[in-house]
Amino acid sequence: MKSFPTRRPGRRALAAVLGSILALPVLAQTPVPETKETFFARGRAEVDANARLKPNRRKAKNVILFLGDGMGVTTVTAARILEGQMRGRSGEENDLSFEKFPYLAHSKTYQANQQTPDSAPTMTSIVTGSKANDGTLSIAPNVHGPDPVAAAKPENRLTTILEQAEQHGLWTGVVSTARITHATPAACYAHAPYRDWEADSELSPQAVAVDYPDIARQLLDFKIRETKMNGKPSRGLEVAMGGGRSKFLTTADADPEDAGKTGDRKSRNLVDEWTSRGGTFIYDQKGFDAIDPATTGPVLGLFERSHMEFELDRAKDTAGEPSLTQMTEKAIRILKRNPKGFFLMVEAGRIDHAHHGGNAKRALTDAVELSRAVQRATELVGDDTLIIVTADHSHTFTMSGYPTRGNPILGLVVTNDDQTGLPATEPSKGKDGKPYTTLGYANGPGAVPGERGERPDLSKVDTTADGFLQQSLVPLGSETHGGEDVAIYARGPQAYLFQGTMEENATYFVMARALGFDAPGGKR
């Protein structure tokens with residue numbers, strides 16, 4: 001467990017640490033007192049707002065699907081508090097941008113063969129309407145394991161909402177902070193019985209023998225129709241931005257940002273192929289800034305060899321790379337040029353990666369950045385656009401310990417004094433006499449070390465440090481997903497159809513209905 005010393009474990013010191021680490025105002029020792037009238041007014045306002053809701057039953061011109069990978073309800077709650085504390089408030093009363101959306105449902109994330117799911121079948125579920133097996137991308141659930149022969153059969157390919165959008169003349173895009181060949185974005189445009197077949201060098205011998213296309217190749221070979229963007233041909237996606245540059249370059253191609261490294265492919269420089277047919281390729285902030293959304297043709301932006309930087313680390317990137325908000329805005333401005341409309345999927349992919357690493361701070365700051373991207377999207381489109389914000393699955397992330405109101409969400413638990421009801425002067429301690437954090441994990445790399453199972457003493461540890469790993473119960477090299485429901489937030493045409501507890505694959509049917517598409521299993 002990575003640890004950093006601090007001066008003292010008291011709440012004032014912890015607030016100071018949070019303020020200095022985030023370069024934000026220091027939290028007050030206690031939040032501004034609130035009266036019963038304050039709480040009455042806040043609750044009444046929310047109910048009054050709901051009473052004024054009138055379902056938007058129009059057909060949607062556009063759909064934007066935001067996916068916070070691994071963004072379970074605890075992540076949303078903690079990110080909400082963190083964002084509020086970043087603004088110098090106590091945090092609990094804050095709302096992320098998408099929490100202000102009028103419609104909400106629970107999504108049951110189990111898949112065809114898994115109780116606690118993987119990202120590949122969950123995103124398949126969301127974009128095709130069918131649940132699937134672990135590790136498969138937009139492949140029917142009767143295909144088990146990495147079987148390229150079965151996967152190649154037309155009846156085993158699940159048509160995605162992005163493919164349908166292309167068939168109907170909409171422009172399409174995928175944006176992600178992960179590799180764009182990674183599970184979530186790949187499920188939108190590719191069909192593979194094994195999610196790790198991102199480059200041709202990663203195909204199984206059987207897949208090579210039957211010439212099964214790798215995922216990056218499928219992005220380039222994707223062709224349902226051909227259209228023009230400012231006179232430039234567009235075959236498939238009009239916008240693809242994220243990480244994963246090495247999956248598009250061969251072992252003979254020097255990486256444009258790091259000339260000492262090459263790509264992963266055995267054959268076909270897919271970047272050259274993209275540009276040879278009129279597309280634009282960019283790989284750094286300078287290239288991104290030079291893109292004019294009013295005139296550009298198809299854009300392929302690959303800003304890292306693998307995944308993009310965490311939002312917390314993005315400013316340190318040598319060549320610079322855009323934020324999720326910046327990519328979202330650029331993509332929307334490009335796609336809005338199509339009078340027929342568009343479909344855009346935006347993934348905050350690194351929330352998931354930070355959780356797997358047991359690092360709550362990076363997970364939460366990426367979730368806050370997703371909230372910013374959603375807010376910007378709502379400012380750029382009108383009420384003809386269905387916007388959905390959801391997650392594919394949760395994590396074993398927990399928030400507990402009875403911390404007082406306004407306690408730094410990344411800090412040690414400080415409870416209220418039993419006698420005064422005011423914040424205690426020192427952090428709470430467990431039965432082992434050591435303090436503990438509000439946030440933790442049921443399993444993962446932050447587990448208790450040593451044969452005796454003794455917890456490290458966090459009294460002199462900066463738990464708000466960028467690299468701090470929250471303590472966990474079961475020692476694992478990588479923290480796992482959680483199996484509980486996740487939330488769906490929605491606004492715009494047909495958003496009112498998100499109600500109650502729903503199957504995860506029902507999200508597809510709402511999108512198809514909103515766009516007026518026929519869906520599997522009968523007419524809409």
# chains A, B, ... in the order shown; residues from 1 in each chain; ligands from 1
>>> select_by_dssp(residues="segment 20-104 of chain A", states="alpha helix (DSSP H)", output="ChimeraX atom specification")
/A:20-21,36-51,73-86
>>> write_last_selection(atoms="N, CA and C atoms", output="short mmCIF file (atom, residue, chain, number, x, y, z; two decimals), in the first residue's frame")
data_model
loop_
_atom_site.label_atom_id
_atom_site.label_comp_id
_atom_site.auth_asym_id
_atom_site.auth_seq_id
_atom_site.Cartn_x
_atom_site.Cartn_y
_atom_site.Cartn_z
N SER A 20 -5.12 21.04 -0.39
CA SER A 20 -3.83 21.23 -1.05
C SER A 20 -3.60 20.24 -2.16
N ILE A 21 -4.02 18.99 -1.94
CA ILE A 21 -3.83 17.98 -2.97
C ILE A 21 -4.62 18.32 -4.22
N LYS A 36 -34.46 23.03 9.67
CA LYS A 36 -35.51 22.17 9.12
C LYS A 36 -36.16 22.83 7.90
N GLU A 37 -36.23 24.17 7.90
CA GLU A 37 -36.81 24.87 6.76
C GLU A 37 -35.98 24.64 5.50
N THR A 38 -34.64 24.58 5.67
CA THR A 38 -33.76 24.32 4.53
C THR A 38 -34.06 22.96 3.92
N PHE A 39 -34.16 21.96 4.78
CA PHE A 39 -34.43 20.62 4.29
C PHE A 39 -35.84 20.51 3.70
N PHE A 40 -36.82 21.17 4.33
CA PHE A 40 -38.18 21.18 3.78
C PHE A 40 -38.17 21.74 2.36
N ALA A 41 -37.49 22.88 2.19
CA ALA A 41 -37.48 23.57 0.90
C ALA A 41 -36.81 22.72 -0.18
N ARG A 42 -35.72 22.08 0.18
CA ARG A 42 -34.99 21.27 -0.80
C ARG A 42 -35.82 20.07 -1.24
N GLY A 43 -36.43 19.38 -0.29
CA GLY A 43 -37.26 18.24 -0.62
C GLY A 43 -38.49 18.61 -1.42
N ARG A 44 -39.15 19.71 -1.01
CA ARG A 44 -40.36 20.15 -1.70
C ARG A 44 -40.04 20.55 -3.15
N ALA A 45 -38.93 21.22 -3.35
CA ALA A 45 -38.56 21.67 -4.69
C ALA A 45 -38.38 20.50 -5.64
N GLU A 46 -37.80 19.41 -5.14
CA GLU A 46 -37.59 18.25 -6.00
C GLU A 46 -38.91 17.60 -6.38
N VAL A 47 -39.83 17.49 -5.43
CA VAL A 47 -41.13 16.89 -5.73
C VAL A 47 -41.93 17.79 -6.67
N ASP A 48 -41.89 19.10 -6.45
CA ASP A 48 -42.59 20.04 -7.32
C ASP A 48 -42.07 19.94 -8.75
N ALA A 49 -40.74 19.80 -8.89
CA ALA A 49 -40.15 19.68 -10.22
C ALA A 49 -40.64 18.41 -10.91
N ASN A 50 -40.72 17.32 -10.16
CA ASN A 50 -41.21 16.06 -10.73
C ASN A 50 -42.68 16.16 -11.14
N ALA A 51 -43.45 16.90 -10.36
CA ALA A 51 -44.87 17.06 -10.66
C ALA A 51 -45.09 17.81 -11.97
N VAL A 73 -23.33 2.70 -8.08
CA VAL A 73 -24.01 3.74 -7.31
C VAL A 73 -23.09 4.34 -6.25
N THR A 74 -22.24 3.53 -5.62
CA THR A 74 -21.32 4.08 -4.62
C THR A 74 -20.33 5.04 -5.27
N THR A 75 -19.91 4.73 -6.49
CA THR A 75 -19.01 5.63 -7.21
C THR A 75 -19.70 6.95 -7.50
N VAL A 76 -20.96 6.90 -7.92
CA VAL A 76 -21.72 8.12 -8.18
C VAL A 76 -21.84 8.96 -6.91
N THR A 77 -22.18 8.31 -5.80
CA THR A 77 -22.33 9.03 -4.53
C THR A 77 -21.04 9.69 -4.09
N ALA A 78 -19.95 8.93 -4.12
CA ALA A 78 -18.66 9.47 -3.69
C ALA A 78 -18.17 10.56 -4.63
N ALA A 79 -18.40 10.41 -5.94
CA ALA A 79 -18.00 11.43 -6.90
C ALA A 79 -18.81 12.71 -6.70
N ARG A 80 -20.08 12.54 -6.40
CA ARG A 80 -20.94 13.69 -6.11
C ARG A 80 -20.38 14.48 -4.94
N ILE A 81 -19.99 13.78 -3.88
CA ILE A 81 -19.45 14.45 -2.69
C ILE A 81 -18.11 15.09 -3.01
N LEU A 82 -17.26 14.37 -3.73
CA LEU A 82 -15.95 14.92 -4.09
C LEU A 82 -16.09 16.19 -4.90
N GLU A 83 -16.97 16.18 -5.90
CA GLU A 83 -17.15 17.37 -6.72
C GLU A 83 -17.64 18.54 -5.86
N GLY A 84 -18.57 18.27 -4.95
CA GLY A 84 -19.05 19.33 -4.07
C GLY A 84 -17.94 19.86 -3.19
N GLN A 85 -17.09 18.98 -2.67
CA GLN A 85 -15.98 19.41 -1.82
C GLN A 85 -14.92 20.15 -2.63
N MET A 86 -14.79 19.79 -3.90
CA MET A 86 -13.87 20.54 -4.77
C MET A 86 -14.33 21.97 -4.96
#
>>> closest_atom_pairs(of="segment 389-422 of chain A", to="segment 469-491 of chain A", cutoff="6 Å", atoms="only C-alpha atoms", output="JSON lines")
{"residue": "A:Val389", "atom": "CA", "partner": "A:Tyr489", "partner_atom": "CA", "distance": 5.1}
{"residue": "A:Thr390", "atom": "CA", "partner": "A:Ile488", "partner_atom": "CA", "distance": 4.6}
{"residue": "A:Ser394", "atom": "CA", "partner": "A:Gly482", "partner_atom": "CA", "distance": 4.7}
{"residue": "A:His395", "atom": "CA", "partner": "A:Gly482", "partner_atom": "CA", "distance": 4.0}
{"residue": "A:Thr396", "atom": "CA", "partner": "A:Gly482", "partner_atom": "CA", "distance": 4.9}
>>> write_last_selection(atoms="C-alpha atoms", output="PDB file, in the first residue's frame")
ATOM      1  CA  VAL A 389     -25.985   8.028 -18.735  1.00  0.00           C
ATOM      2  CA  THR A 390     -25.398   4.595 -17.268  1.00  0.00           C
ATOM      3  CA  SER A 394     -20.345  -1.904 -10.581  1.00  0.00           C
ATOM      4  CA  HIS A 395     -17.275  -2.582  -8.391  1.00  0.00           C
ATOM      5  CA  THR A 396     -16.656  -3.820  -4.849  1.00  0.00           C
TER       6      THR A 396
END
>>> residues_around(residues="Ala254 of chain A", least_positions_apart="6", cutoff="12 Å", atoms="only C-alpha atoms", output="list in words")
Arg245, Ser246, Phe248, Gly260, Lys261, Thr262, Gly263, Asp264, Arg265, Asn269, Val271 and Arg305 of chain A
>>> closest_residue(among="A:Ala140, A:Ile409, A:Ile334, A:Ala240", to="Thr181 of chain A", atoms="only C-alpha atoms")
A:Ala240
>>> select_by_dssp(residues="segment 359-492 of chain A", states="strand (DSSP E)", output="list in words")
Thr385, Leu386, Ile387, Ile388, Val389, Thr390, Ser394, His395, Phe397, Thr398, Met399, Leu439, Gly440, Tyr441, Ala442, Asn443, Gly444, Ser472, Leu473, Val474, Pro475, His481, Gly482, Val486, Ala487, Ile488, Tyr489, Ala490 and Arg491 of chain A
>>> write_last_selection(atoms="C-alpha atoms", output="PDB file, in the first residue's frame")
ATOM      1  CA  THR A 385     -31.757  14.377 -28.428  1.00  0.00           C
ATOM      2  CA  LEU A 386     -32.083  11.408 -26.096  1.00  0.00           C
ATOM      3  CA  ILE A 387     -29.202  11.435 -23.612  1.00  0.00           C
ATOM      4  CA  ILE A 388     -28.585   8.356 -21.487  1.00  0.00           C
ATOM      5  CA  VAL A 389     -25.985   8.028 -18.735  1.00  0.00           C
ATOM      6  CA  THR A 390     -25.398   4.595 -17.268  1.00  0.00           C
ATOM      7  CA  SER A 394     -20.345  -1.904 -10.581  1.00  0.00           C
ATOM      8  CA  HIS A 395     -17.275  -2.582  -8.391  1.00  0.00           C
ATOM      9  CA  PHE A 397     -16.313  -0.182  -3.805  1.00  0.00           C
ATOM     10  CA  THR A 398     -17.742   0.748  -0.395  1.00  0.00           C
ATOM     11  CA  MET A 399     -18.534   3.911   1.569  1.00  0.00           C
ATOM     12  CA  LEU A 439     -13.876   4.516   1.160  1.00  0.00           C
ATOM     13  CA  GLY A 440     -12.677   0.960   0.728  1.00  0.00           C
ATOM     14  CA  TYR A 441     -12.923  -2.198  -1.349  1.00  0.00           C
ATOM     15  CA  ALA A 442     -14.126  -5.716  -0.585  1.00  0.00           C
ATOM     16  CA  ASN A 443     -11.127  -7.066  -2.498  1.00  0.00           C
ATOM     17  CA  GLY A 444      -8.126  -5.817  -4.401  1.00  0.00           C
ATOM     18  CA  SER A 472      -9.463  -3.965   1.048  1.00  0.00           C
ATOM     19  CA  LEU A 473     -10.496  -7.225   2.649  1.00  0.00           C
ATOM     20  CA  VAL A 474      -9.491  -9.976   0.201  1.00  0.00           C
ATOM     21  CA  PRO A 475      -6.009  -9.704  -1.338  1.00  0.00           C
ATOM     22  CA  HIS A 481     -16.410  -6.006 -10.541  1.00  0.00           C
ATOM     23  CA  GLY A 482     -19.483  -5.901  -8.323  1.00  0.00           C
ATOM     24  CA  VAL A 486     -26.389   0.144 -11.620  1.00  0.00           C
ATOM     25  CA  ALA A 487     -28.381   3.293 -12.376  1.00  0.00           C
ATOM     26  CA  ILE A 488     -29.673   4.660 -15.677  1.00  0.00           C
ATOM     27  CA  TYR A 489     -30.226   8.421 -15.975  1.00  0.00           C
ATOM     28  CA  ALA A 490     -32.051   9.829 -19.005  1.00  0.00           C
ATOM     29  CA  ARG A 491     -33.536  12.930 -20.579  1.00  0.00           C
TER      30      ARG A 491
END
>>> closest_residue(among="A:Arg337, A:Pro185, A:Ser201, A:Ile180", to="Leu302 of chain A", atoms="only C-alpha atoms")
A:Ile180
>>> closest_residue(among="A:Lys223, A:His393, A:Arg217, A:Arg195", to="Gln164 of chain A", atoms="only C-alpha atoms")
A:Lys223
>>> atom_distance(atom1="atom CA of Pro213 of chain A", atom2="atom CA of Lys247 of chain A")
12.8 Å
>>> closest_residue(among="A:Ser130, A:Asn359, A:Thr227, A:Gln375", to="Phe98 of chain A", atoms="only C-alpha atoms")
A:Gln375
>>> closest_residue(among="A:Ile215, A:Ala165, A:Val174, A:Val208", to="Ala60 of chain A", atoms="only C-alpha atoms")
A:Ala165
>>> residues_around(residues="Asn142 of chain A", least_positions_apart="6", cutoff="12 Å", atoms="only C-alpha atoms", output="PyMOL selection string")
chain A and resi 112-113+130-134+136+150-151+153+155-158+193
>>> residues_around(residues="Leu458 of chain A", least_positions_apart="4", cutoff="7 Å", atoms="only C-alpha atoms", output="PDB file with C-alpha atoms, in the first residue's frame")
ATOM      1  CA  LYS A 434      -6.127   2.219  14.084  1.00  0.00           C
ATOM      2  CA  PRO A 435      -8.076   4.770  12.020  1.00  0.00           C
ATOM      3  CA  TYR A 436      -9.779   3.844   8.760  1.00  0.00           C
TER       4      TYR A 436
END
>>> residues_around(residues="Val414 of chain A", least_positions_apart="2", cutoff="6 Å", atoms="only C-alpha atoms", output="NGL selection string")
:A and (403 or 427-428)
>>> closest_atom_pairs(of="segment 199-253 of chain A", to="segment 318-331 of chain A", cutoff="12 Å", atoms="only C-alpha atoms", output="JSON lines")
{"residue": "A:Leu237", "atom": "CA", "partner": "A:Ala331", "partner_atom": "CA", "distance": 11.2}
{"residue": "A:Glu238", "atom": "CA", "partner": "A:Ala331", "partner_atom": "CA", "distance": 8.9}
{"residue": "A:Val239", "atom": "CA", "partner": "A:Ala331", "partner_atom": "CA", "distance": 6.5}
{"residue": "A:Ala240", "atom": "CA", "partner": "A:Ala331", "partner_atom": "CA", "distance": 8.5}
{"residue": "A:Met241", "atom": "CA", "partner": "A:Met327", "partner_atom": "CA", "distance": 7.2}
{"residue": "A:Gly242", "atom": "CA", "partner": "A:Met327", "partner_atom": "CA", "distance": 8.5}
{"residue": "A:Gly243", "atom": "CA", "partner": "A:Glu321", "partner_atom": "CA", "distance": 10.0}
